[in-house]
>>> print(open('query-v7.pdb').read())   # PDB, C-alpha atoms and all ligand atoms
MODEL        1
ATOM      1  CA  MET L   1     -53.979  47.558   1.365
ATOM      2  CA  SER L   2     -53.206  48.333  -2.260
ATOM      3  CA  ARG L   3     -52.977  45.558  -4.852
ATOM      4  CA  ARG L   4     -49.282  46.227  -5.129
ATOM      5  CA  GLU L   5     -48.787  45.535  -1.461
ATOM      6  CA  GLU L   6     -50.524  42.193  -1.634
ATOM      7  CA  GLY L   7     -48.103  40.920  -4.281
ATOM      8  CA  PHE L   8     -44.843  41.384  -2.453
ATOM      9  CA  MET L   9     -42.294  38.604  -2.369
ATOM     10  CA  LEU L  10     -39.957  40.323   0.028
ATOM     11  CA  ARG L  11     -40.539  43.157   2.452
ATOM     12  CA  ILE L  12     -37.710  44.528   4.519
ATOM     13  CA  GLU L  13     -38.590  46.944   7.292
ATOM     14  CA  GLY L  14     -36.241  48.944   9.490
ATOM     15  CA  LEU L  15     -33.312  46.624   8.933
ATOM     16  CA  SER L  16     -30.216  47.531  10.925
ATOM     17  CA  LYS L  17     -27.045  45.561  11.337
ATOM     18  CA  SER L  18     -23.877  46.608  13.098
ATOM     19  CA  PHE L  19     -20.696  44.639  13.562
ATOM     20  CA  TYR L  20     -18.944  44.615  16.893
ATOM     21  CA  LEU L  21     -15.191  44.633  16.483
ATOM     22  CA  HIS L  22     -13.699  43.033  19.583
ATOM     23  CA  GLU L  23     -10.121  44.091  18.982
ATOM     24  CA  ALA L  24     -11.113  47.713  18.471
ATOM     25  CA  GLY L  25     -13.793  47.586  21.160
ATOM     26  CA  ARG L  26     -16.359  49.380  19.030
ATOM     27  CA  SER L  27     -19.187  48.756  16.594
ATOM     28  CA  ILE L  28     -19.375  49.758  12.990
ATOM     29  CA  ARG L  29     -22.481  50.185  10.938
ATOM     30  CA  GLY L  30     -23.315  47.546   8.356
ATOM     31  CA  CYS L  31     -26.628  49.037   7.296
ATOM     32  CA  SER L  32     -29.194  51.070   9.145
ATOM     33  CA  SER L  33     -32.981  51.508   8.962
ATOM     34  CA  ILE L  34     -33.358  49.966   5.520
ATOM     35  CA  SER L  35     -36.908  49.481   4.260
ATOM     36  CA  LEU L  36     -37.611  48.104   0.831
ATOM     37  CA  THR L  37     -40.168  45.940  -0.883
ATOM     38  CA  VAL L  38     -39.695  43.641  -3.839
ATOM     39  CA  GLN L  39     -42.816  42.554  -5.719
ATOM     40  CA  ALA L  40     -43.187  39.017  -7.056
ATOM     41  CA  GLY L  41     -41.428  38.770 -10.429
ATOM     42  CA  GLU L  42     -39.674  42.088 -10.006
ATOM     43  CA  PHE L  43     -35.970  42.836 -10.370
ATOM     44  CA  VAL L  44     -34.755  45.474  -7.923
ATOM     45  CA  GLY L  45     -31.226  46.825  -8.189
ATOM     46  CA  ILE L  46     -29.432  48.170  -5.108
ATOM     47  CA  THR L  47     -26.972  50.983  -5.723
ATOM     48  CA  GLY L  48     -24.809  53.091  -3.428
ATOM     49  CA  ARG L  49     -21.269  53.802  -2.385
ATOM     50  CA  SER L  50     -18.877  51.050  -1.497
ATOM     51  CA  GLY L  51     -19.257  50.278   2.203
ATOM     52  CA  SER L  52     -22.818  51.618   2.355
ATOM     53  CA  GLY L  53     -24.220  48.230   3.376
ATOM     54  CA  LYS L  54     -25.500  46.719   0.125
ATOM     55  CA  SER L  55     -23.944  43.302   0.703
ATOM     56  CA  THR L  56     -25.023  43.377   4.343
ATOM     57  CA  ILE L  57     -28.651  43.533   3.173
ATOM     58  CA  LEU L  58     -28.281  40.521   0.867
ATOM     59  CA  ARG L  59     -26.399  38.544   3.512
ATOM     60  CA  SER L  60     -29.132  39.340   6.027
ATOM     61  CA  ILE L  61     -31.766  37.946   3.680
ATOM     62  CA  TYR L  62     -29.706  34.788   3.140
ATOM     63  CA  ARG L  63     -29.052  34.805   6.893
ATOM     64  CA  THR L  64     -25.283  34.735   6.696
ATOM     65  CA  ASN L  65     -25.641  37.994   8.689
ATOM     66  CA  LEU L  66     -27.997  38.230  11.624
ATOM     67  CA  PRO L  67     -29.217  41.832  12.007
ATOM     68  CA  GLN L  68     -30.118  43.411  15.349
ATOM     69  CA  ASP L  69     -33.282  45.226  14.262
ATOM     70  CA  GLY L  70     -36.065  45.071  11.742
ATOM     71  CA  SER L  71     -37.926  42.375   9.874
ATOM     72  CA  ILE L  72     -37.485  40.568   6.579
ATOM     73  CA  LEU L  73     -40.806  39.203   5.445
ATOM     74  CA  TYR L  74     -40.560  36.606   2.717
ATOM     75  CA  ARG L  75     -43.486  34.900   1.048
ATOM     76  CA  SER L  76     -42.383  31.301   0.714
ATOM     77  CA  ALA L  77     -44.122  28.941  -1.718
ATOM     78  CA  ALA L  78     -43.968  26.057   0.744
ATOM     79  CA  LEU L  79     -43.777  27.726   4.165
ATOM     80  CA  GLY L  80     -46.076  30.720   3.715
ATOM     81  CA  LEU L  81     -45.270  34.216   4.911
ATOM     82  CA  LEU L  82     -42.331  34.224   7.314
ATOM     83  CA  ASP L  83     -39.846  36.586   8.903
ATOM     84  CA  LEU L  84     -36.403  35.414   7.816
ATOM     85  CA  MET L  85     -34.890  36.973  10.919
ATOM     86  CA  LYS L  86     -36.961  34.681  13.112
ATOM     87  CA  ALA L  87     -37.042  31.587  10.916
ATOM     88  CA  SER L  88     -35.495  28.419  12.316
ATOM     89  CA  GLU L  89     -32.212  27.042  10.982
ATOM     90  CA  ARG L  90     -34.196  24.215   9.439
ATOM     91  CA  GLU L  91     -36.464  26.629   7.590
ATOM     92  CA  ILE L  92     -33.480  28.642   6.367
ATOM     93  CA  LEU L  93     -31.758  25.499   5.071
ATOM     94  CA  TYR L  94     -34.953  24.455   3.334
ATOM     95  CA  LEU L  95     -35.280  27.865   1.681
ATOM     96  CA  ARG L  96     -31.644  27.880   0.557
ATOM     97  CA  ARG L  97     -32.149  24.497  -0.956
ATOM     98  CA  PHE L  98     -35.421  25.066  -2.752
ATOM     99  CA  GLU L  99     -36.303  28.739  -2.969
ATOM    100  CA  ILE L 100     -33.599  31.321  -2.360
ATOM    101  CA  GLY L 101     -30.387  31.495  -4.379
ATOM    102  CA  TYR L 102     -27.335  33.621  -3.687
ATOM    103  CA  ILE L 103     -24.530  34.451  -6.067
ATOM    104  CA  SER L 104     -21.520  36.471  -5.040
ATOM    105  CA  GLN L 105     -18.244  37.205  -6.713
ATOM    106  CA  PHE L 106     -16.562  34.639  -4.514
ATOM    107  CA  LEU L 107     -16.817  30.972  -5.357
ATOM    108  CA  ASN L 108     -17.504  28.407  -2.699
ATOM    109  CA  VAL L 109     -15.453  25.613  -4.188
ATOM    110  CA  LEU L 110     -16.489  22.260  -2.859
ATOM    111  CA  PRO L 111     -13.487  20.099  -1.977
ATOM    112  CA  ARG L 112     -12.781  17.117  -4.233
ATOM    113  CA  THR L 113     -15.648  17.987  -6.546
ATOM    114  CA  THR L 114     -15.119  18.541 -10.239
ATOM    115  CA  ALA L 115     -16.571  21.530 -12.024
ATOM    116  CA  TYR L 116     -19.163  19.314 -13.677
ATOM    117  CA  ASP L 117     -20.196  17.640 -10.409
ATOM    118  CA  THR L 118     -20.444  20.973  -8.635
ATOM    119  CA  VAL L 119     -23.263  21.965 -10.952
ATOM    120  CA  VAL L 120     -24.878  18.512 -11.029
ATOM    121  CA  GLN L 121     -24.946  18.373  -7.222
ATOM    122  CA  SER L 122     -26.498  21.784  -7.020
ATOM    123  CA  ALA L 123     -29.237  20.710  -9.431
ATOM    124  CA  LEU L 124     -29.862  17.445  -7.553
ATOM    125  CA  GLU L 125     -30.266  19.382  -4.316
ATOM    126  CA  ALA L 126     -33.234  21.240  -5.698
ATOM    127  CA  VAL L 127     -34.937  18.325  -7.458
ATOM    128  CA  SER L 128     -36.586  16.356  -4.718
ATOM    129  CA  GLU L 129     -36.903  13.184  -6.772
ATOM    130  CA  GLY L 130     -33.190  13.441  -7.577
ATOM    131  CA  ASP L 131     -33.504  13.132 -11.331
ATOM    132  CA  ARG L 132     -29.868  12.654 -12.329
ATOM    133  CA  ALA L 133     -30.474  12.511 -16.079
ATOM    134  CA  TYR L 134     -32.183  15.901 -15.960
ATOM    135  CA  ALA L 135     -29.444  17.341 -13.733
ATOM    136  CA  GLU L 136     -26.738  16.203 -16.149
ATOM    137  CA  GLN L 137     -28.548  17.475 -19.192
ATOM    138  CA  GLU L 138     -29.057  20.892 -17.614
ATOM    139  CA  THR L 139     -25.480  20.993 -16.368
ATOM    140  CA  GLU L 140     -24.164  20.405 -19.886
ATOM    141  CA  ARG L 141     -26.475  23.040 -21.282
ATOM    142  CA  LEU L 142     -25.363  25.641 -18.735
ATOM    143  CA  LEU L 143     -21.651  24.872 -18.935
ATOM    144  CA  ARG L 144     -21.895  25.238 -22.699
ATOM    145  CA  HIS L 145     -23.914  28.412 -22.346
ATOM    146  CA  PHE L 146     -21.161  29.918 -20.224
ATOM    147  CA  GLU L 147     -18.532  28.532 -22.605
ATOM    148  CA  LEU L 148     -16.659  26.734 -19.896
ATOM    149  CA  PRO L 149     -14.311  24.607 -22.070
ATOM    150  CA  GLU L 150     -15.160  20.920 -21.952
ATOM    151  CA  SER L 151     -11.524  20.191 -21.108
ATOM    152  CA  LEU L 152     -12.173  21.794 -17.692
ATOM    153  CA  TRP L 153     -15.365  19.946 -16.791
ATOM    154  CA  GLU L 154     -13.658  17.041 -15.024
ATOM    155  CA  LEU L 155     -11.121  19.219 -13.203
ATOM    156  CA  TYR L 156     -11.284  20.645  -9.679
ATOM    157  CA  PRO L 157     -12.235  24.343  -9.868
ATOM    158  CA  LEU L 158      -9.697  25.301  -7.202
ATOM    159  CA  THR L 159      -7.170  26.196  -9.898
ATOM    160  CA  PHE L 160      -9.658  27.954 -12.181
ATOM    161  CA  SER L 161      -9.287  31.623 -13.037
ATOM    162  CA  GLY L 162     -11.545  34.132 -11.257
ATOM    163  CA  GLY L 163     -13.824  34.383 -14.278
ATOM    164  CA  GLU L 164     -14.079  30.603 -14.672
ATOM    165  CA  LYS L 165     -14.911  30.152 -10.992
ATOM    166  CA  LEU L 166     -17.529  32.837 -11.205
ATOM    167  CA  ARG L 167     -19.202  31.346 -14.274
ATOM    168  CA  LEU L 168     -19.313  28.010 -12.485
ATOM    169  CA  ASN L 169     -20.786  29.652  -9.407
ATOM    170  CA  ILE L 170     -23.491  31.307 -11.465
ATOM    171  CA  ALA L 171     -24.297  28.067 -13.295
ATOM    172  CA  ALA L 172     -24.595  26.195  -9.975
ATOM    173  CA  ALA L 173     -26.992  28.782  -8.525
ATOM    174  CA  MET L 174     -29.077  29.251 -11.652
ATOM    175  CA  ILE L 175     -29.566  25.552 -12.336
ATOM    176  CA  LYS L 176     -31.767  25.405  -9.233
ATOM    177  CA  LYS L 177     -34.150  27.947 -10.761
ATOM    178  CA  PRO L 178     -34.640  29.756  -7.453
ATOM    179  CA  ARG L 179     -37.802  31.762  -6.772
ATOM    180  CA  LEU L 180     -35.792  34.557  -5.236
ATOM    181  CA  LEU L 181     -32.272  35.191  -6.452
ATOM    182  CA  LEU L 182     -29.815  37.450  -4.634
ATOM    183  CA  LEU L 183     -26.982  38.716  -6.814
ATOM    184  CA  ASP L 184     -23.991  40.403  -5.197
ATOM    185  CA  GLU L 185     -21.912  41.912  -7.994
ATOM    186  CA  PRO L 186     -21.819  38.637  -9.889
ATOM    187  CA  THR L 187     -20.193  40.203 -12.939
ATOM    188  CA  ALA L 188     -17.370  41.941 -11.073
ATOM    189  CA  SER L 189     -14.511  39.955 -12.566
ATOM    190  CA  LEU L 190     -16.035  38.975 -15.895
ATOM    191  CA  ASP L 191     -15.101  40.048 -19.409
ATOM    192  CA  ASN L 192     -17.779  41.595 -21.597
ATOM    193  CA  ALA L 193     -18.682  38.392 -23.425
ATOM    194  CA  SER L 194     -19.246  36.557 -20.119
ATOM    195  CA  LYS L 195     -21.247  39.492 -18.801
ATOM    196  CA  ARG L 196     -23.571  39.216 -21.789
ATOM    197  CA  LYS L 197     -24.028  35.518 -21.055
ATOM    198  CA  VAL L 198     -24.966  36.290 -17.445
ATOM    199  CA  ARG L 199     -27.368  38.942 -18.622
ATOM    200  CA  GLU L 200     -29.012  36.522 -21.041
ATOM    201  CA  LEU L 201     -29.602  33.998 -18.257
ATOM    202  CA  ILE L 202     -30.895  36.645 -15.886
ATOM    203  CA  GLU L 203     -33.362  37.712 -18.561
ATOM    204  CA  ARG L 204     -34.461  34.128 -19.023
ATOM    205  CA  LEU L 205     -34.910  33.626 -15.282
ATOM    206  CA  LYS L 206     -36.910  36.812 -15.167
ATOM    207  CA  GLN L 207     -39.184  35.637 -17.966
ATOM    208  CA  GLY L 208     -39.661  32.469 -15.940
ATOM    209  CA  GLY L 209     -40.979  34.592 -13.069
ATOM    210  CA  CYS L 210     -37.899  34.630 -10.822
ATOM    211  CA  THR L 211     -37.793  37.548  -8.389
ATOM    212  CA  MET L 212     -34.384  39.189  -8.072
ATOM    213  CA  LEU L 213     -32.531  41.591  -5.860
ATOM    214  CA  GLY L 214     -29.135  42.506  -7.218
ATOM    215  CA  ILE L 215     -26.084  44.680  -6.712
ATOM    216  CA  PHE L 216     -24.098  45.617  -9.798
ATOM    217  CA  HIS L 217     -21.238  48.055  -9.744
ATOM    218  CA  ASP L 218     -21.626  48.228 -13.493
ATOM    219  CA  LEU L 219     -24.667  50.475 -13.919
ATOM    220  CA  GLU L 220     -24.732  49.892 -17.664
ATOM    221  CA  PHE L 221     -25.295  46.219 -16.979
ATOM    222  CA  MET L 222     -28.390  47.020 -14.896
ATOM    223  CA  GLU L 223     -29.815  49.249 -17.626
ATOM    224  CA  GLY L 224     -33.035  47.751 -18.966
ATOM    225  CA  LEU L 225     -32.749  44.774 -16.634
ATOM    226  CA  CYS L 226     -33.891  46.302 -13.366
ATOM    227  CA  ASP L 227     -37.483  47.339 -12.815
ATOM    228  CA  ARG L 228     -36.611  49.657  -9.949
ATOM    229  CA  GLU L 229     -33.521  51.037  -8.331
ATOM    230  CA  PHE L 230     -33.034  51.293  -4.585
ATOM    231  CA  ASN L 231     -30.253  53.681  -3.637
ATOM    232  CA  MET L 232     -28.698  53.288  -0.191
ATOM    233  CA  GLN L 233     -28.683  57.032   0.408
ATOM    234  CA  GLU L 234     -31.943  58.010  -1.299
ATOM    235  CA  GLY L 235     -34.226  54.986  -1.124
ATOM    236  CA  PHE L 236     -36.225  54.094  -4.230
ATOM    237  CA  ILE L 237     -35.274  56.318  -7.139
ATOM    238  CA  ASP L 238     -37.947  55.235  -9.594
ATOM    239  CA  GLY L 239     -41.282  53.475  -9.270
TER
HETATM  240  N1  LIG V 301     -18.248  40.752   8.899
HETATM  241  C1  LIG V 301     -17.992  42.039   9.060
HETATM  242  N2  LIG V 301     -17.312  42.483  10.136
HETATM  243  C2  LIG V 301     -17.068  43.786  10.317
HETATM  244  N3  LIG V 301     -17.471  44.755   9.484
HETATM  245  C3  LIG V 301     -18.162  44.382   8.396
HETATM  246  C4  LIG V 301     -18.459  43.015   8.119
HETATM  247  N4  LIG V 301     -19.161  42.972   6.962
HETATM  248  C5  LIG V 301     -19.294  44.242   6.542
HETATM  249  N5  LIG V 301     -18.694  45.094   7.403
HETATM  250  C6  LIG V 301     -18.669  46.558   7.280
HETATM  251  O1  LIG V 301     -19.987  47.020   7.097
HETATM  252  C7  LIG V 301     -20.027  48.093   6.156
HETATM  253  C8  LIG V 301     -20.935  47.716   4.998
HETATM  254  O2  LIG V 301     -20.341  46.658   4.279
HETATM  255  P1  LIG V 301     -20.980  46.037   2.963
HETATM  256  O3  LIG V 301     -22.387  45.680   3.237
HETATM  257  O4  LIG V 301     -20.086  44.953   2.509
HETATM  258  O5  LIG V 301     -20.937  47.276   1.951
HETATM  259  P2  LIG V 301     -21.171  47.340   0.375
HETATM  260  O6  LIG V 301     -21.588  45.987  -0.088
HETATM  261  O7  LIG V 301     -22.206  48.395   0.149
HETATM  262  O8  LIG V 301     -19.849  47.753  -0.204
HETATM  263  C9  LIG V 301     -18.579  48.338   5.739
HETATM  264  O9  LIG V 301     -18.073  49.402   6.484
HETATM  265  C10 LIG V 301     -17.889  47.033   6.070
HETATM  266  O10 LIG V 301     -16.538  47.247   6.350
HETATM  267 MG    MG V 302     -20.638  44.625  -1.330
ENDMDL
END
>>> encode(input="query-v7.pdb", output="structure tokens")
Amino acid sequence: MSRREEGFMLRIEGLSKSFYLHEAGRSIRGCSSISLTVQAGEFVGITGRSGSGKSTILRSIYRTNLPQDGSILYRSAALGLLDLMKASEREILYLRRFEIGYISQFLNVLPRTTAYDTVVQSALEAVSEGDRAYAEQETERLLRHFELPESLWELYPLTFSGGEKLRLNIAAAMIKKPRLLLLDEPTASLDNASKRKVRELIERLKQGGCTMLGIFHDLEFMEGLCDREFNMQEGFIDG
């Protein structure tokens, strides 16, 4: 085995997922025979046509999709090397809480939870000793970083604009400082200034050693951020 192989954080082999559509009585392809490896500390960008299965891959890693074939080896800090396709629900919940983050363009708004508390709760989830002072301090720092106006902090995010919801979503995921972060077009509905803020935080996470797998429709945004590009049609393009 090469040195490179020993350092992988994530290794996907032969991943295939199809969706059975009951009404239509047929299956459609989510993704098929995907193999890709992400080294520890690396940022891999997934590119490809719309509908080519990029999101299906990320959802399979986070286990919101359960693929039919293949394996998804993940090197967990606490649980060792495990196949996410075979991991128990308990293990998956543990990993979502402490190790694997997922950001999409859609916000999961928690009911009856203010913007501020959404981020605080996310932080508290990942700090086992439940250090509230730290969670609050970090929440304030991140909400300021993303320039979410203080007048919105105590409001319910249900009525927020798409961009505001997204910035909140990103803050809530990033505050947990995940080891592996999955990004599904997180900048899709953001203006340029907000995109720069996201980029800054991604760079900081990367410096902190976070491993990332991301989809960005905006190729310019990926420029200089990604270490390698995996194209759905062609496989790895560089590196
Ligand atoms: N839950 C689902 N049920 C049925 N079809 C789905 C589902 N999720 C994705 N698909 C289909 O799988 C294919 C790949 O989707 P997706 O992974 O979202 O593509 P991408 O992210 O590259 O645009 C598409 O044809 C899409 O319509
Ligand atoms: Mg997608």
>>> closest_residue(input="query-v7.pdb", among="L:Ala115, L:Ile34, L:Leu201, L:Ile100", to="ligand LIG 301 (chain V)", atoms="all atoms listed in the file")
L:Ile34
>>> closest_atom_pairs(input="query-v7.pdb", of="chain L", to="ligand LIG 301 (chain V)", cutoff="7 Å", atoms="all atoms listed in the file", output="Markdown table")
| residue | atom | partner | partner_atom | distance |
| --- | --- | --- | --- | --- |
| L:Phe19 | CA | V:LIG301 | C2 | 4.9 |
| L:Tyr20 | CA | V:LIG301 | C2 | 6.9 |
| L:Leu21 | CA | V:LIG301 | C2 | 6.5 |
| L:Ile28 | CA | V:LIG301 | N3 | 6.4 |
| L:Arg29 | CA | V:LIG301 | O1 | 5.6 |
| L:Gly30 | CA | V:LIG301 | O1 | 3.6 |
| L:Cys31 | CA | V:LIG301 | C8 | 6.3 |
| L:Gly48 | CA | V:LIG301 | O7 | 6.5 |
| L:Arg49 | CA | V:LIG301 | O7 | 6.0 |
| L:Ser50 | CA | V:LIG301 | O8 | 3.7 |
| L:Gly51 | CA | V:LIG301 | O5 | 3.4 |
| L:Ser52 | CA | V:LIG301 | O7 | 4.0 |
| L:Gly53 | CA | V:LIG301 | O3 | 3.1 |
| L:Lys54 | CA | V:LIG301 | O7 | 3.7 |
| L:Ser55 | CA | V:LIG301 | O6 | 3.7 |
| L:Thr56 | CA | V:LIG301 | O3 | 3.7 |
| L:Ile57 | CA | V:LIG301 | O3 | 6.6 |
>>> closest_residue(input="query-v7.pdb", among="L:Asp131, L:Val44, L:Asp117, L:Ile103", to="L:Leu225", atoms="all atoms listed in the file")
L:Val44
>>> resolve_selection(input="query-v7.pdb", expression="the PyMOL selection byres (((chain L and resi 68-76) around 8) and not hetatm)", output="count of residues only")
26
>>> closest_residue(input="query-v7.pdb", among="L:Glu150, L:Leu155, L:Leu143, L:Asn65", to="L:Val109", atoms="only C-alpha atoms")
L:Leu155
>>> resolve_selection(input="query-v7.pdb", expression="the PyMOL selection byres (((chain L and resi 231) around 9) and not hetatm)", output="PDB file with C-alpha atoms, keeping the file's coordinate frame")
ATOM      1  CA  GLY L  45     -31.226  46.825  -8.189  1.00  0.00           C
ATOM      2  CA  ILE L  46     -29.432  48.170  -5.108  1.00  0.00           C
ATOM      3  CA  THR L  47     -26.972  50.983  -5.723  1.00  0.00           C
ATOM      4  CA  GLY L  48     -24.809  53.091  -3.428  1.00  0.00           C
ATOM      5  CA  GLU L 229     -33.521  51.037  -8.331  1.00  0.00           C
ATOM      6  CA  PHE L 230     -33.034  51.293  -4.585  1.00  0.00           C
ATOM      7  CA  MET L 232     -28.698  53.288  -0.191  1.00  0.00           C
ATOM      8  CA  GLN L 233     -28.683  57.032   0.408  1.00  0.00           C
ATOM      9  CA  GLU L 234     -31.943  58.010  -1.299  1.00  0.00           C
ATOM     10  CA  GLY L 235     -34.226  54.986  -1.124  1.00  0.00           C
ATOM     11  CA  PHE L 236     -36.225  54.094  -4.230  1.00  0.00           C
ATOM     12  CA  ILE L 237     -35.274  56.318  -7.139  1.00  0.00           C
TER      13      ILE L 237
END
>>> atom_distance(input="query-v7.pdb", atom1="atom CA of L:Ile170", atom2="atom CA of L:Gln39")
23.1 Å
>>> closest_residue(input="query-v7.pdb", among="L:Gln105, L:Thr37, L:Gln207, L:Thr113", to="ligand MG 302 (chain V)", atoms="only C-alpha atoms and all ligand atoms")
L:Gln105
>>> residues_around(input="query-v7.pdb", residues="L:Phe221", least_positions_apart="4", cutoff="9 Å", atoms="all atoms listed in the file", output="PyMOL selection string")
chain L and resi 187+195-196+199+216-217+225
>>> atom_distance(input="query-v7.pdb", atom1="atom CA of L:Glu200", atom2="atom CA of L:Val119")
18.6 Å
>>> closest_residue(input="query-v7.pdb", among="L:Leu183, L:Cys210, L:Leu219, L:Cys226", to="ligand MG 302 (chain V)", atoms="all atoms listed in the file")
L:Leu183
>>> atom_distance(input="query-v7.pdb", atom1="atom CA of L:Asn108", atom2="atom CA of L:Leu168")
10.0 Å
>>> closest_residue(input="query-v7.pdb", among="L:Leu58, L:Ala133, L:Leu36, L:Ala24", to="ligand MG 302 (chain V)", atoms="all atoms listed in the file")
L:Leu58
>>> residues_around(input="query-v7.pdb", residues="L:Phe98", least_positions_apart="2", cutoff="12 Å", atoms="all atoms listed in the file", output="number ranges by chain")
L: 76-79, 91-96, 100-102, 122-128, 173-181
>>> write_last_selection(input="query-v7.pdb", atoms="C-alpha atoms", output="compact mmCIF listing (two decimals), in the frame of the given file")
# COMPACT_ATOMS: atom_id res chain seq x y z
CA SER L 76 -42.38 31.30 0.71
CA ALA L 77 -44.12 28.94 -1.72
CA ALA L 78 -43.97 26.06 0.74
CA LEU L 79 -43.78 27.73 4.16
CA GLU L 91 -36.46 26.63 7.59
CA ILE L 92 -33.48 28.64 6.37
CA LEU L 93 -31.76 25.50 5.07
CA TYR L 94 -34.95 24.46 3.33
CA LEU L 95 -35.28 27.86 1.68
CA ARG L 96 -31.64 27.88 0.56
CA ILE L 100 -33.60 31.32 -2.36
CA GLY L 101 -30.39 31.50 -4.38
CA TYR L 102 -27.34 33.62 -3.69
CA SER L 122 -26.50 21.78 -7.02
CA ALA L 123 -29.24 20.71 -9.43
CA LEU L 124 -29.86 17.44 -7.55
CA GLU L 125 -30.27 19.38 -4.32
CA ALA L 126 -33.23 21.24 -5.70
CA VAL L 127 -34.94 18.32 -7.46
CA SER L 128 -36.59 16.36 -4.72
CA ALA L 173 -26.99 28.78 -8.52
CA MET L 174 -29.08 29.25 -11.65
CA ILE L 175 -29.57 25.55 -12.34
CA LYS L 176 -31.77 25.40 -9.23
CA LYS L 177 -34.15 27.95 -10.76
CA PRO L 178 -34.64 29.76 -7.45
CA ARG L 179 -37.80 31.76 -6.77
CA LEU L 180 -35.79 34.56 -5.24
CA LEU L 181 -32.27 35.19 -6.45
>>> resolve_selection(input="query-v7.pdb", expression="the PyMOL selection byres (((chain L and resi 163) around 12) and not hetatm)", output="list of chain:residue names")
L:Gln105, L:Phe106, L:Leu107, L:Phe146, L:Glu147, L:Leu148, L:Pro157, L:Thr159, L:Phe160, L:Ser161, L:Gly162, L:Glu164, L:Lys165, L:Leu166, L:Arg167, L:Leu168, L:Asn169, L:Ile170, L:Pro186, L:Thr187, L:Ala188, L:Ser189, L:Leu190, L:Asp191, L:Asn192, L:Ala193, L:Ser194, L:Lys195, L:Val198
>>> write_last_selection(input="query-v7.pdb", atoms="C-alpha atoms", output="CSV table (one decimal), in the coordinates of the input")
chain,number,residue,atom,x,y,z
L,105,GLN,CA,-18.2,37.2,-6.7
L,106,PHE,CA,-16.6,34.6,-4.5
L,107,LEU,CA,-16.8,31.0,-5.4
L,146,PHE,CA,-21.2,29.9,-20.2
L,147,GLU,CA,-18.5,28.5,-22.6
L,148,LEU,CA,-16.7,26.7,-19.9
L,157,PRO,CA,-12.2,24.3,-9.9
L,159,THR,CA,-7.2,26.2,-9.9
L,160,PHE,CA,-9.7,28.0,-12.2
L,161,SER,CA,-9.3,31.6,-13.0
L,162,GLY,CA,-11.5,34.1,-11.3
L,164,GLU,CA,-14.1,30.6,-14.7
L,165,LYS,CA,-14.9,30.2,-11.0
L,166,LEU,CA,-17.5,32.8,-11.2
L,167,ARG,CA,-19.2,31.3,-14.3
L,168,LEU,CA,-19.3,28.0,-12.5
L,169,ASN,CA,-20.8,29.7,-9.4
L,170,ILE,CA,-23.5,31.3,-11.5
L,186,PRO,CA,-21.8,38.6,-9.9
L,187,THR,CA,-20.2,40.2,-12.9
L,188,ALA,CA,-17.4,41.9,-11.1
L,189,SER,CA,-14.5,40.0,-12.6
L,190,LEU,CA,-16.0,39.0,-15.9
L,191,ASP,CA,-15.1,40.0,-19.4
L,192,ASN,CA,-17.8,41.6,-21.6
L,193,ALA,CA,-18.7,38.4,-23.4
L,194,SER,CA,-19.2,36.6,-20.1
L,195,LYS,CA,-21.2,39.5,-18.8
L,198,VAL,CA,-25.0,36.3,-17.4
>>> decode(input="query-v7.pdb", residues="stretch 201-211 of chain L", atoms="N, CA and C atoms", output="PDB file, in the first residue's frame")
ATOM      1  N   LEU L 201     -14.512  31.012   5.858  1.00  0.00           N
ATOM      2  CA  LEU L 201     -14.680  29.998   6.909  1.00  0.00           C
ATOM      3  C   LEU L 201     -14.226  28.623   6.451  1.00  0.00           C
ATOM      4  N   ILE L 202     -14.486  28.329   5.179  1.00  0.00           N
ATOM      5  CA  ILE L 202     -14.036  27.036   4.647  1.00  0.00           C
ATOM      6  C   ILE L 202     -12.509  26.980   4.706  1.00  0.00           C
ATOM      7  N   GLU L 203     -11.885  28.094   4.341  1.00  0.00           N
ATOM      8  CA  GLU L 203     -10.413  28.130   4.392  1.00  0.00           C
ATOM      9  C   GLU L 203      -9.910  27.926   5.808  1.00  0.00           C
ATOM     10  N   ARG L 204     -10.608  28.542   6.757  1.00  0.00           N
ATOM     11  CA  ARG L 204     -10.196  28.399   8.153  1.00  0.00           C
ATOM     12  C   ARG L 204     -10.380  26.959   8.639  1.00  0.00           C
ATOM     13  N   LEU L 205     -11.495  26.360   8.256  1.00  0.00           N
ATOM     14  CA  LEU L 205     -11.726  24.954   8.638  1.00  0.00           C
ATOM     15  C   LEU L 205     -10.637  24.069   8.054  1.00  0.00           C
ATOM     16  N   LYS L 206     -10.287  24.385   6.811  1.00  0.00           N
ATOM     17  CA  LYS L 206      -9.275  23.590   6.129  1.00  0.00           C
ATOM     18  C   LYS L 206      -7.922  23.705   6.838  1.00  0.00           C
ATOM     19  N   GLN L 207      -7.583  24.930   7.238  1.00  0.00           N
ATOM     20  CA  GLN L 207      -6.336  25.117   7.977  1.00  0.00           C
ATOM     21  C   GLN L 207      -6.364  24.333   9.280  1.00  0.00           C
ATOM     22  N   GLY L 208      -7.563  24.207   9.849  1.00  0.00           N
ATOM     23  CA  GLY L 208      -7.717  23.445  11.087  1.00  0.00           C
ATOM     24  C   GLY L 208      -7.711  21.941  10.862  1.00  0.00           C
ATOM     25  N   GLY L 209      -7.555  21.520   9.604  1.00  0.00           N
ATOM     26  CA  GLY L 209      -7.424  20.087   9.320  1.00  0.00           C
ATOM     27  C   GLY L 209      -8.708  19.389   8.909  1.00  0.00           C
ATOM     28  N   CYS L 210      -9.793  20.148   8.742  1.00  0.00           N
ATOM     29  CA  CYS L 210     -11.073  19.538   8.357  1.00  0.00           C
ATOM     30  C   CYS L 210     -10.994  18.974   6.936  1.00  0.00           C
ATOM     31  N   THR L 211     -11.511  17.768   6.761  1.00  0.00           N
ATOM     32  CA  THR L 211     -11.564  17.143   5.448  1.00  0.00           C
ATOM     33  C   THR L 211     -12.907  17.487   4.814  1.00  0.00           C
TER      34      THR L 211
END
